[in-house]
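Content type compact mmCIF, C-alpha atoms, from the file upload_31.txt:
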# COMPACT_ATOMS: atom_id res chain seq x y z
CA MET J 1 75.59 111.81 89.17
CA LEU J 2 77.12 108.41 89.88
CA SER J 3 78.32 107.78 93.40
CA ARG J 4 82.00 107.44 94.11
CA ILE J 5 83.86 104.18 93.52
CA THR J 6 84.17 102.10 96.68
CA LEU J 7 87.12 100.00 97.80
CA ARG J 8 84.88 96.94 97.69
CA GLN J 9 84.13 97.60 94.00
CA LEU J 10 87.85 97.99 93.32
CA GLU J 11 88.44 94.67 95.08
CA TYR J 12 85.94 92.98 92.75
CA PHE J 13 87.53 94.62 89.71
CA VAL J 14 91.02 93.44 90.71
CA ALA J 15 89.71 89.90 91.31
CA VAL J 16 88.30 89.79 87.77
CA GLY J 17 91.47 91.30 86.32
CA ASP J 18 93.63 88.67 88.02
CA SER J 19 91.46 85.70 87.08
CA ALA J 20 90.15 86.90 83.67
CA SER J 21 86.79 85.46 84.67
CA ILE J 22 83.81 86.84 86.55
CA ALA J 23 82.86 83.31 87.68
CA GLU J 24 86.32 82.63 89.13
CA ALA J 25 86.41 86.08 90.73
CA SER J 26 83.04 85.33 92.31
CA GLN J 27 84.47 82.22 93.98
CA ARG J 28 87.57 84.08 95.08
CA VAL J 29 85.81 86.97 96.84
CA HIS J 30 82.66 84.99 97.77
CA VAL J 31 80.26 87.40 96.04
CA SER J 32 77.68 86.63 93.36
CA SER J 33 78.60 87.12 89.71
CA PRO J 34 75.85 89.72 89.13
CA SER J 35 77.22 91.82 92.00
CA ILE J 36 80.69 91.74 90.46
CA SER J 37 79.34 92.61 87.01
CA SER J 38 77.44 95.51 88.54
CA ALA J 39 80.57 96.78 90.30
CA ILE J 40 82.58 96.72 87.06
CA ALA J 41 79.80 98.48 85.17
CA HIS J 42 79.72 101.14 87.91
CA ILE J 43 83.49 101.73 87.68
CA GLU J 44 83.36 101.92 83.88
CA GLY J 45 80.49 104.39 84.07
CA GLU J 46 82.21 106.50 86.71
CA LEU J 47 85.50 106.64 84.79
CA GLY J 48 83.98 106.72 81.32
CA VAL J 49 86.22 103.95 79.98
CA GLN J 50 85.95 100.30 78.98
CA LEU J 51 87.97 98.10 81.33
CA PHE J 52 87.52 94.66 79.76
CA VAL J 53 87.06 93.01 76.38
CA ARG J 54 85.19 89.70 76.31
CA LEU J 55 86.97 87.09 74.18
CA HIS J 56 84.93 84.21 72.81
CA ALA J 57 85.53 81.09 74.95
CA GLN J 58 88.55 82.77 76.57
CA GLY J 59 86.98 84.88 79.29
CA LEU J 60 87.85 88.54 79.78
CA THR J 61 90.99 90.50 79.03
CA LEU J 62 91.91 93.96 80.26
CA THR J 63 91.93 96.83 77.77
CA PRO J 64 95.08 99.00 77.70
CA VAL J 65 93.40 101.59 79.92
CA GLY J 66 92.03 98.74 82.02
CA ARG J 67 95.59 97.61 82.78
CA LEU J 68 96.48 101.12 83.94
CA VAL J 69 93.39 101.30 86.14
CA MET J 70 94.23 97.83 87.50
CA ARG J 71 97.68 98.98 88.57
CA GLU J 72 96.28 102.04 90.34
CA ALA J 73 93.47 100.00 91.94
CA LYS J 74 95.97 97.59 93.47
CA LEU J 75 97.96 100.51 94.88
CA LEU J 76 94.81 102.00 96.40
CA LEU J 77 93.83 98.67 97.99
CA GLU J 78 97.33 98.25 99.43
CA GLN J 79 97.20 101.78 100.84
CA ALA J 80 93.78 101.12 102.35
CA ALA J 81 95.08 97.94 103.99
CA SER J 82 97.98 99.89 105.44
CA LEU J 83 95.49 102.31 107.03
CA TYR J 84 94.07 99.41 109.03
CA SER J 85 97.60 98.42 110.06
CA VAL J 86 98.40 101.96 111.25
CA ALA J 87 95.18 102.16 113.25
CA THR J 88 95.64 98.68 114.64
CA GLU J 89 99.22 99.23 115.76
CA SER J 90 98.45 102.62 117.31
CA GLN J 91 95.44 101.33 119.27
CA SER J 92 96.62 97.74 119.85
CA LEU J 93 93.43 96.56 118.14
CA VAL J 94 93.01 93.56 115.85
CA ARG J 95 90.96 94.69 112.89
CA GLY J 96 90.96 94.92 109.12
CA PRO J 97 90.87 92.48 106.19
CA LEU J 98 92.46 89.04 106.47
CA SER J 99 92.90 86.68 103.52
CA VAL J 100 93.21 83.07 104.70
CA GLY J 101 94.24 80.24 102.38
CA CYS J 102 93.48 76.63 103.24
CA PHE J 103 94.34 73.30 101.67
CA THR J 104 91.20 72.24 99.84
CA THR J 105 90.60 68.98 101.72
CA LEU J 106 91.14 70.61 105.13
CA ALA J 107 88.89 73.63 104.55
CA PRO J 108 85.47 72.04 105.29
CA MET J 109 86.69 70.71 108.65
CA VAL J 110 89.15 73.26 109.99
CA VAL J 111 88.08 76.65 108.64
CA PRO J 112 84.48 77.18 109.86
CA GLU J 113 85.16 76.77 113.58
CA LEU J 114 88.54 78.47 113.41
CA CYS J 115 87.48 81.56 111.46
CA GLN J 116 84.07 82.03 113.05
CA GLY J 117 85.58 81.97 116.52
CA PHE J 118 88.30 84.41 115.48
CA MET J 119 85.82 86.90 113.99
CA HIS J 120 83.64 86.60 117.09
CA SER J 121 86.63 87.53 119.25
CA HIS J 122 87.66 90.30 116.84
CA PRO J 123 84.53 91.87 115.28
CA GLY J 124 86.64 94.36 113.33
CA VAL J 125 88.21 91.62 111.21
CA ARG J 126 86.78 90.65 107.81
CA ILE J 127 88.05 87.25 106.60
CA SER J 128 88.10 86.14 102.98
CA LEU J 129 88.82 82.46 102.35
CA THR J 130 90.69 80.85 99.46
CA GLU J 131 90.76 77.06 99.03
CA ASP J 132 93.38 75.46 96.80
CA HIS J 133 95.83 72.59 96.46
CA GLN J 134 99.39 73.00 97.74
CA GLU J 135 100.99 74.48 94.63
CA GLY J 136 98.14 76.95 94.28
CA LEU J 137 98.41 78.09 97.89
CA LEU J 138 102.16 78.65 97.72
CA ASP J 139 101.73 80.63 94.51
CA LYS J 140 99.01 82.78 96.09
CA LEU J 141 101.24 83.48 99.10
CA ARG J 142 104.00 84.67 96.80
CA ARG J 143 101.57 86.86 94.85
CA ALA J 144 100.12 88.32 98.09
CA GLU J 145 96.66 86.96 97.28
CA VAL J 146 96.52 85.31 100.72
CA ASP J 147 98.12 86.49 103.96
CA ILE J 148 98.49 83.11 105.64
CA ALA J 149 97.75 79.51 104.63
CA ILE J 150 96.65 76.51 106.68
CA THR J 151 98.28 73.66 104.83
CA TYR J 152 100.85 70.85 104.85
CA ASP J 153 104.64 70.81 104.68
CA LEU J 154 104.55 69.42 101.13
CA HIS J 155 107.26 70.96 98.95
CA VAL J 156 107.74 73.93 101.28
CA THR J 157 111.31 74.70 100.27
CA GLY J 158 113.42 77.78 99.70
CA VAL J 159 113.72 80.94 101.74
CA ASP J 160 110.57 82.73 100.56
CA ILE J 161 108.02 80.53 102.36
CA ALA J 162 108.06 80.15 106.15
CA PHE J 163 106.29 77.06 107.51
CA GLU J 164 105.35 76.61 111.15
CA PRO J 165 104.25 73.04 111.98
CA LEU J 166 101.36 72.58 114.40
CA VAL J 167 100.61 68.84 114.39
CA ALA J 168 101.78 65.69 112.61
CA LEU J 169 99.11 63.62 110.83
CA ALA J 170 100.13 60.02 110.24
CA PRO J 171 98.70 58.20 107.21
CA SER J 172 96.04 55.54 107.61
CA ALA J 173 93.85 53.45 105.31
CA LEU J 174 90.20 54.16 104.53
CA PHE J 175 87.74 51.44 103.50
CA GLY J 176 84.08 51.05 102.75
CA ALA J 177 82.20 49.30 105.56
CA ASP J 178 81.90 46.07 103.52
CA HIS J 179 85.57 45.85 102.56
CA PRO J 180 87.29 42.62 103.78
CA LEU J 181 89.93 44.66 105.65
CA ALA J 182 87.49 47.03 107.31
CA ASP J 183 87.49 44.97 110.51
CA ALA J 184 91.30 44.76 110.76
CA SER J 185 93.06 46.45 113.69
CA GLU J 186 95.80 47.58 111.30
CA VAL J 187 96.96 46.94 107.73
CA THR J 188 100.33 46.94 105.98
CA LEU J 189 101.37 48.46 102.68
CA ASP J 190 102.14 44.92 101.48
CA GLN J 191 98.50 44.01 102.03
CA LEU J 192 97.24 47.13 100.27
CA ALA J 193 99.54 47.22 97.23
CA PRO J 194 97.76 44.51 95.15
CA LEU J 195 94.28 45.87 95.97
CA PRO J 196 92.41 48.53 93.95
CA MET J 197 93.27 52.02 95.21
CA VAL J 198 91.31 55.27 94.83
CA LEU J 199 93.89 58.06 94.67
CA LEU J 200 93.38 61.70 95.65
CA ASP J 201 94.72 63.30 92.48
CA LEU J 202 95.95 66.68 93.71
CA PRO J 203 99.41 68.12 92.94
CA LEU J 204 102.00 66.99 95.54
CA SER J 205 99.34 65.09 97.54
CA ARG J 206 99.34 62.23 95.05
CA ASP J 207 103.15 62.20 95.13
CA TYR J 208 103.09 61.90 98.92
CA PHE J 209 100.72 58.92 98.93
CA LEU J 210 102.50 57.12 96.08
CA ALA J 211 105.87 57.72 97.76
CA LEU J 212 104.70 55.75 100.81
CA PHE J 213 104.57 52.66 98.59
CA HIS J 214 107.67 53.47 96.56
CA SER J 215 109.79 53.87 99.70
CA ALA J 216 108.79 50.30 100.63
CA GLY J 217 109.64 49.00 97.16
CA LEU J 218 105.97 48.61 96.27
CA ALA J 219 103.65 49.94 93.55
CA PRO J 220 99.95 50.44 94.29
CA ASP J 221 97.20 49.39 91.89
CA VAL J 222 95.55 52.78 91.19
CA ALA J 223 92.11 51.76 89.92
CA ALA J 224 90.45 55.20 90.15
CA GLN J 225 91.35 58.76 91.03
CA SER J 226 89.76 62.13 91.58
CA ALA J 227 90.84 65.64 92.54
CA SER J 228 87.74 65.89 94.76
CA PHE J 229 88.04 64.95 98.41
CA GLU J 230 84.38 63.97 98.67
CA VAL J 231 84.35 62.03 95.39
CA VAL J 232 87.26 59.88 96.64
CA ARG J 233 85.41 59.21 99.91
CA SER J 234 82.20 58.30 98.10
CA MET J 235 84.02 55.98 95.69
CA VAL J 236 85.68 54.21 98.61
CA ALA J 237 82.34 53.91 100.42
CA ASN J 238 80.81 52.37 97.28
CA GLY J 239 83.46 49.68 96.93
CA PHE J 240 85.78 51.08 94.23
CA GLY J 241 88.73 50.32 96.51
CA TYR J 242 90.59 51.72 99.52
CA THR J 243 92.43 55.01 99.83
CA LEU J 244 95.09 56.47 102.08
CA THR J 245 94.27 59.35 104.41
CA ASN J 246 95.90 61.74 106.86
CA VAL J 247 92.96 63.62 108.35
CA ARG J 248 90.06 62.20 110.32
CA PRO J 249 86.69 63.90 109.73
CA ARG J 250 84.25 63.56 112.59
CA SER J 251 81.61 62.09 110.29
CA PRO J 252 82.12 58.42 109.30
CA LEU J 253 79.78 58.88 106.33
CA ALA J 254 80.36 59.76 102.69
CA LEU J 255 78.02 62.32 101.16
CA ASP J 256 75.71 59.57 99.87
CA GLY J 257 75.27 58.26 103.43
CA ARG J 258 77.44 55.15 103.07
CA ARG J 259 79.76 54.37 105.97
CA LEU J 260 83.55 54.62 105.92
CA VAL J 261 86.02 52.89 108.21
CA ARG J 262 89.53 54.11 109.02
CA VAL J 263 92.21 51.52 109.85
CA ASP J 264 95.69 52.29 111.18
CA LEU J 265 98.63 51.75 108.83
CA ALA J 266 101.22 49.46 110.39
CA GLY J 267 104.85 50.54 110.51
CA ARG J 268 106.54 53.94 110.60
CA HIS J 269 105.68 56.28 107.74
CA ARG J 270 106.38 59.93 107.09
CA PRO J 271 103.45 61.95 108.44
CA MET J 272 102.11 65.13 106.91
CA GLN J 273 102.85 68.16 109.07
CA LEU J 274 99.80 70.40 109.32
CA GLY J 275 100.78 74.00 109.94
CA LEU J 276 100.88 77.63 108.87
CA ALA J 277 102.64 78.98 105.78
CA THR J 278 103.49 82.65 105.19
CA PHE J 279 105.56 84.58 102.66
CA THR J 280 108.82 85.79 104.17
CA GLY J 281 108.90 88.86 101.92
CA ARG J 282 105.98 90.48 103.74
CA LYS J 283 105.88 91.74 107.31
CA LEU J 284 103.10 90.03 109.22
CA SER J 285 100.37 92.44 110.29
CA LYS J 286 98.86 92.36 113.76
CA VAL J 287 95.73 90.67 112.44
CA VAL J 288 97.80 87.90 110.81
CA GLU J 289 99.80 87.41 114.00
CA ALA J 290 96.59 87.22 116.03
CA PHE J 291 95.12 84.66 113.64
CA ALA J 292 98.30 82.55 113.84
CA GLU J 293 98.02 82.64 117.62
CA ARG J 294 94.42 81.47 117.35
CA CYS J 295 95.56 78.55 115.17
CA HIS J 296 98.14 77.60 117.79
CA GLU J 297 95.42 77.52 120.42
CA LEU J 298 93.03 75.30 118.45
CA ILE J 299 95.30 73.07 116.35
CA SER J 300 97.54 70.73 118.34
CA PRO J 301 98.18 67.02 118.99
CA ARG J 302 95.31 67.23 121.50
CA SER J 303 92.61 68.54 119.15
CA ILE J 304 91.96 69.78 115.63
CA PRO J 305 88.77 71.63 114.58
CA GLY J 306 86.43 69.37 112.66
CA MET J 307 88.43 66.19 113.28
CA ASP J 308 88.37 63.24 115.62
CA PHE J 309 92.01 63.56 116.57
CA PRO J 310 93.58 61.95 118.42
CA SER J 311 91.06 59.16 118.21
CA GLY J 312 90.90 55.43 118.83
CA SER J 313 87.79 55.08 116.70
CA ASP J 314 87.93 53.20 113.41
CA GLU J 315 84.90 54.89 111.95
CA SER J 316 86.12 58.15 110.53
CA GLY J 317 88.24 58.96 107.54
CA GLY J 318 89.35 61.44 104.93
CA HIS J 319 92.37 62.94 103.16

Will you turn the file into structure tokens for me?
Amino acid sequence: MLSRITLRQLEYFVAVGDSASIAEASQRVHVSSPSISSAIAHIEGELGVQLFVRLHAQGLTLTPVGRLVMREAKLLLEQAASLYSVATESQSLVRGPLSVGCFTTLAPMVVPELCQGFMHSHPGVRISLTEDHQEGLLDKLRRAEVDIAITYDLHVTGVDIAFEPLVALAPSALFGADHPLADASEVTLDQLAPLPMVLLDLPLSRDYFLALFHSAGLAPDVAAQSASFEVVRSMVANGFGYTLTNVRPRSPLALDGRRLVRVDLAGRHRPMQLGLATFTGRKLSKVVEAFAERCHELISPRSIPGMDFPSGSDESGGH
């Protein structure tokens, strides 16, 4: 006889149902694709039904009975999460699942130290991480796919998203070590505008960087662009052009080992506010409140995990 269906298997099933892809679900829940396939096969065998139909080149789609099972699975997972909340509130303990979203370029620097320290202090907490651009994170907050997001104040409007700023990150310029302006103490937008620019091509982020020029009546010469944080850094390090940045990774090196140099941007420019975003339609659990408190302790104008900030050095850079 097959063993009973576990909550973890239901979690994998829901992830596949939401994304219509085992590969995407694997990234979302940080579990290998074979493990997810095995969980789905187990559920189908236990229930005696087919949950998905594989469409050629279009991923997976739920069968009619699969959609019904999906609805019930989500209810069960919500009820299970509420059990943790009841136990936590009655015992004043911080435990249970926590889904943290993080802006994709911040995640490699901020998340490891922040989350590892939090789980060490609260062994009963299990954190799942989601990385995405700003629009994706806000959508996931609204759909309850993440509980809290570490992100920027870009396009955080309306009454359904609450944003709590932690630190302002002013823009600066990033150059390869051999760039003629790499030795400057500061640069102006007028100096940068006619030069080749490598643009971080993420929704809302690109608008922010381009708006810095447009507000000064300038238009940058975008010679290359990429949605990858590390690709932009490597292109800059290899002489494709400069880029604009807000964060300051501790390492001054691109992934290929070439050196990057950060130079202050002269004048007053709108900074990005780094902070915490939550969905106002959901009551914050004790574990979310505790995590937010941890963020307040570690992210401030005095220090940011993974960054040289504040820093007088000109040898670190990023987006």

Close residues, region 118-125 of chain J itself excluded, 8 Å, only C-alpha atoms, min 2 positions apart in chain, as a PyMOL selection string: chain J and resi 94-98+114-116+127+287+291+294

I'd like the box whose edges run along x, y and z of the file and which contains every listed atom of region 26-42 of chain J, padded by 5 Å per side; could you state its centre and edge lengths in Å, one decimal, as lines of an AutoDock Vina configuration file?
center_x = 81.7
center_y = 91.7
center_z = 91.5
size_x = 21.7
size_y = 28.9
size_z = 22.6

My list of candidates is J:Tyr208, J:Phe229, J:Tyr12, J:Phe240. Which is closest to His155 (chain J) when distances are computed with only C-alpha atoms?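 Ranking J:Tyr208, J:Phe229, J:Tyr12, J:Phe240 by distance to His155 (chain J), first place goes to J:Tyr208.
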
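Nearest-residue note for Asn238 (chain J): choosing from J:Asp308, J:Asp201, J:Glu289, J:Asp178, the minimum distance belongs to J:Asp178, counting all atoms listed in the file.
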
Have a look at CA of Ser26 (chain J) and CA of Gly48 (chain J) and let me know their distance in Å, one decimal.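 Straight-line distance from CA of Ser26 (chain J) to CA of Gly48 (chain J) works out to 24.1 Å.
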
d(CA of Glu11 (chain J), CA of Leu141 (chain J)) in Å: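 Between these atoms lies a distance of 17.5 Å.
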
Which residue, J:Ser35, J:Ser128, J:Ser303, J:Thr61, has the smallest gap to Glu145 (chain J) when you use all atoms listed in the file? J:Ser128

Let me make sure I understand: among J:Leu265, J:Ala193, J:Ala15, J:Ala144, which one has the smallest atom-to-atom distance to Gln27 (chain J) if we use only C-alpha atoms? J:Ala15

Excluding region 156-173 of chain J and residues on its chain fewer than 6 positions from it, collect all residues at most 10 Å away from it, counting only C-alpha atoms, and give them as a ChimeraX atom specification. /J:134-135,138,141-142,149-150,181-182,186-189,192,209,212,242-248,261-266,268-282,292,295-304,309-310,317-319

Preceding selection exported with C-alpha atoms as an mmCIF file, in the frame of the given file:
data_model
loop_
_atom_site.group_PDB
_atom_site.id
_atom_site.type_symbol
_atom_site.label_atom_id
_atom_site.label_comp_id
_atom_site.auth_asym_id
_atom_site.auth_seq_id
_atom_site.Cartn_x
_atom_site.Cartn_y
_atom_site.Cartn_z
ATOM 1 C CA GLN J 134 99.390 73.000 97.740
ATOM 2 C CA GLU J 135 100.990 74.480 94.630
ATOM 3 C CA LEU J 138 102.160 78.650 97.720
ATOM 4 C CA LEU J 141 101.240 83.480 99.100
ATOM 5 C CA ARG J 142 104.000 84.670 96.800
ATOM 6 C CA ALA J 149 97.750 79.510 104.630
ATOM 7 C CA ILE J 150 96.650 76.510 106.680
ATOM 8 C CA LEU J 181 89.930 44.660 105.650
ATOM 9 C CA ALA J 182 87.490 47.030 107.310
ATOM 10 C CA GLU J 186 95.800 47.580 111.300
ATOM 11 C CA VAL J 187 96.960 46.940 107.730
ATOM 12 C CA THR J 188 100.330 46.940 105.980
ATOM 13 C CA LEU J 189 101.370 48.460 102.680
ATOM 14 C CA LEU J 192 97.240 47.130 100.270
ATOM 15 C CA PHE J 209 100.720 58.920 98.930
ATOM 16 C CA LEU J 212 104.700 55.750 100.810
ATOM 17 C CA TYR J 242 90.590 51.720 99.520
ATOM 18 C CA THR J 243 92.430 55.010 99.830
ATOM 19 C CA LEU J 244 95.090 56.470 102.080
ATOM 20 C CA THR J 245 94.270 59.350 104.410
ATOM 21 C CA ASN J 246 95.900 61.740 106.860
ATOM 22 C CA VAL J 247 92.960 63.620 108.350
ATOM 23 C CA ARG J 248 90.060 62.200 110.320
ATOM 24 C CA VAL J 261 86.020 52.890 108.210
ATOM 25 C CA ARG J 262 89.530 54.110 109.020
ATOM 26 C CA VAL J 263 92.210 51.520 109.850
ATOM 27 C CA ASP J 264 95.690 52.290 111.180
ATOM 28 C CA LEU J 265 98.630 51.750 108.830
ATOM 29 C CA ALA J 266 101.220 49.460 110.390
ATOM 30 C CA ARG J 268 106.540 53.940 110.600
ATOM 31 C CA HIS J 269 105.680 56.280 107.740
ATOM 32 C CA ARG J 270 106.380 59.930 107.090
ATOM 33 C CA PRO J 271 103.450 61.950 108.440
ATOM 34 C CA MET J 272 102.110 65.130 106.910
ATOM 35 C CA GLN J 273 102.850 68.160 109.070
ATOM 36 C CA LEU J 274 99.800 70.400 109.320
ATOM 37 C CA GLY J 275 100.780 74.000 109.940
ATOM 38 C CA LEU J 276 100.880 77.630 108.870
ATOM 39 C CA ALA J 277 102.640 78.980 105.780
ATOM 40 C CA THR J 278 103.490 82.650 105.190
ATOM 41 C CA PHE J 279 105.560 84.580 102.660
ATOM 42 C CA THR J 280 108.820 85.790 104.170
ATOM 43 C CA GLY J 281 108.900 88.860 101.920
ATOM 44 C CA ARG J 282 105.980 90.480 103.740
ATOM 45 C CA ALA J 292 98.300 82.550 113.840
ATOM 46 C CA CYS J 295 95.560 78.550 115.170
ATOM 47 C CA HIS J 296 98.140 77.600 117.790
ATOM 48 C CA GLU J 297 95.420 77.520 120.420
ATOM 49 C CA LEU J 298 93.030 75.300 118.450
ATOM 50 C CA ILE J 299 95.300 73.070 116.350
ATOM 51 C CA SER J 300 97.540 70.730 118.340
ATOM 52 C CA PRO J 301 98.180 67.020 118.990
ATOM 53 C CA ARG J 302 95.310 67.230 121.500
ATOM 54 C CA SER J 303 92.610 68.540 119.150
ATOM 55 C CA ILE J 304 91.960 69.780 115.630
ATOM 56 C CA PHE J 309 92.010 63.560 116.570
ATOM 57 C CA PRO J 310 93.580 61.950 118.420
ATOM 58 C CA GLY J 317 88.240 58.960 107.540
ATOM 59 C CA GLY J 318 89.350 61.440 104.930
ATOM 60 C CA HIS J 319 92.370 62.940 103.160
#

Smallest atom-to-atom distance to Arg126 (chain J): which of J:Ser37, J:Asp153, J:Asp207, J:Val29, using all atoms listed in the file?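 Closest to Arg126 (chain J) of all the choices is J:Val29.
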
Distance CA of Ala20 (chain J)-CA of Phe52 (chain J), one decimal place?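 About the pair CA of Ala20 (chain J) and CA of Phe52 (chain J): they are 9.1 Å apart.
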
Tell me, as JSON, numbers by chain, which residues lie within 12 Å of Leu68 (chain J), counting only C-alpha atoms; anything in the same chain fewer than 4 positions away does not count. {"J": [14, 17, 49, 50, 51, 52, 62, 63, 64, 72, 73, 74, 75]}

For Leu10 (chain J), work out the shell of residues within 10 Å, counting only C-alpha atoms and skipping chain neighbours fewer than 3 positions away, then give it as a short mmCIF file (atom, residue, chain, number, x, y, z; two decimals) with C-alpha atoms, in the coordinates of the input.
data_model
loop_
_atom_site.label_atom_id
_atom_site.label_comp_id
_atom_site.auth_asym_id
_atom_site.auth_seq_id
_atom_site.Cartn_x
_atom_site.Cartn_y
_atom_site.Cartn_z
CA ILE J 5 83.86 104.18 93.52
CA THR J 6 84.17 102.10 96.68
CA LEU J 7 87.12 100.00 97.80
CA PHE J 13 87.53 94.62 89.71
CA VAL J 14 91.02 93.44 90.71
CA ALA J 15 89.71 89.90 91.31
CA VAL J 16 88.30 89.79 87.77
CA ILE J 36 80.69 91.74 90.46
CA ALA J 39 80.57 96.78 90.30
CA ILE J 40 82.58 96.72 87.06
CA ILE J 43 83.49 101.73 87.68
CA VAL J 69 93.39 101.30 86.14
CA MET J 70 94.23 97.83 87.50
CA GLU J 72 96.28 102.04 90.34
CA ALA J 73 93.47 100.00 91.94
CA LYS J 74 95.97 97.59 93.47
CA LEU J 76 94.81 102.00 96.40
CA LEU J 77 93.83 98.67 97.99
#

Tell me which of J:Ala25, J:Arg8, J:Ala41, J:Gly241 sits closest to Ala80 (chain J), counting all atoms listed in the file. J:Arg8

Pull region 257-274 of chain J out of the block and emit N, CA and C atoms, as a PDB file, in the first residue's frame.
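Writing done, so here's out_37.pdb:
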ATOM      1  N   GLY J 257      37.069  37.617 -13.340  1.00  0.00           N
ATOM      2  CA  GLY J 257      38.272  38.048 -12.630  1.00  0.00           C
ATOM      3  C   GLY J 257      38.751  39.446 -12.956  1.00  0.00           C
ATOM      4  N   ARG J 258      38.106  40.115 -13.911  1.00  0.00           N
ATOM      5  CA  ARG J 258      38.525  41.470 -14.260  1.00  0.00           C
ATOM      6  C   ARG J 258      38.002  42.464 -13.225  1.00  0.00           C
ATOM      7  N   ARG J 259      38.778  43.530 -13.012  1.00  0.00           N
ATOM      8  CA  ARG J 259      38.472  44.457 -11.931  1.00  0.00           C
ATOM      9  C   ARG J 259      37.488  45.539 -12.363  1.00  0.00           C
ATOM     10  N   LEU J 260      36.633  45.930 -11.420  1.00  0.00           N
ATOM     11  CA  LEU J 260      35.656  46.994 -11.611  1.00  0.00           C
ATOM     12  C   LEU J 260      35.959  48.128 -10.653  1.00  0.00           C
ATOM     13  N   VAL J 261      35.613  49.344 -11.073  1.00  0.00           N
ATOM     14  CA  VAL J 261      35.858  50.528 -10.252  1.00  0.00           C
ATOM     15  C   VAL J 261      34.579  51.349 -10.166  1.00  0.00           C
ATOM     16  N   ARG J 262      34.164  51.658  -8.958  1.00  0.00           N
ATOM     17  CA  ARG J 262      32.974  52.487  -8.743  1.00  0.00           C
ATOM     18  C   ARG J 262      33.404  53.930  -8.520  1.00  0.00           C
ATOM     19  N   VAL J 263      32.705  54.860  -9.173  1.00  0.00           N
ATOM     20  CA  VAL J 263      32.996  56.292  -9.056  1.00  0.00           C
ATOM     21  C   VAL J 263      31.697  57.019  -8.691  1.00  0.00           C
ATOM     22  N   ASP J 264      31.779  57.931  -7.726  1.00  0.00           N
ATOM     23  CA  ASP J 264      30.599  58.670  -7.294  1.00  0.00           C
ATOM     24  C   ASP J 264      30.018  59.497  -8.437  1.00  0.00           C
ATOM     25  N   LEU J 265      28.694  59.619  -8.438  1.00  0.00           N
ATOM     26  CA  LEU J 265      27.995  60.434  -9.431  1.00  0.00           C
ATOM     27  C   LEU J 265      27.752  61.814  -8.842  1.00  0.00           C
ATOM     28  N   ALA J 266      28.286  62.828  -9.486  1.00  0.00           N
ATOM     29  CA  ALA J 266      28.170  64.198  -8.972  1.00  0.00           C
ATOM     30  C   ALA J 266      26.726  64.683  -9.049  1.00  0.00           C
ATOM     31  N   GLY J 267      26.364  65.559  -8.130  1.00  0.00           N
ATOM     32  CA  GLY J 267      25.025  66.134  -8.127  1.00  0.00           C
ATOM     33  C   GLY J 267      24.078  65.359  -7.226  1.00  0.00           C
ATOM     34  N   ARG J 268      22.834  65.841  -7.154  1.00  0.00           N
ATOM     35  CA  ARG J 268      21.810  65.199  -6.345  1.00  0.00           C
ATOM     36  C   ARG J 268      20.868  64.411  -7.251  1.00  0.00           C
ATOM     37  N   HIS J 269      20.731  63.136  -6.979  1.00  0.00           N
ATOM     38  CA  HIS J 269      19.907  62.264  -7.809  1.00  0.00           C
ATOM     39  C   HIS J 269      19.030  61.396  -6.914  1.00  0.00           C
ATOM     40  N   ARG J 270      17.858  61.071  -7.417  1.00  0.00           N
ATOM     41  CA  ARG J 270      16.941  60.251  -6.626  1.00  0.00           C
ATOM     42  C   ARG J 270      17.583  58.907  -6.309  1.00  0.00           C
ATOM     43  N   PRO J 271      17.716  58.575  -5.027  1.00  0.00           N
ATOM     44  CA  PRO J 271      18.264  57.257  -4.672  1.00  0.00           C
ATOM     45  C   PRO J 271      17.197  56.179  -4.786  1.00  0.00           C
ATOM     46  N   MET J 272      17.608  54.937  -4.788  1.00  0.00           N
ATOM     47  CA  MET J 272      16.682  53.829  -4.612  1.00  0.00           C
ATOM     48  C   MET J 272      16.569  53.557  -3.111  1.00  0.00           C
ATOM     49  N   GLN J 273      15.350  53.421  -2.633  1.00  0.00           N
ATOM     50  CA  GLN J 273      15.135  53.054  -1.241  1.00  0.00           C
ATOM     51  C   GLN J 273      15.067  51.527  -1.148  1.00  0.00           C
ATOM     52  N   LEU J 274      15.997  50.954  -0.417  1.00  0.00           N
ATOM     53  CA  LEU J 274      15.981  49.517  -0.169  1.00  0.00           C
ATOM     54  C   LEU J 274      15.140  49.261   1.081  1.00  0.00           C
TER      55      LEU J 274
END
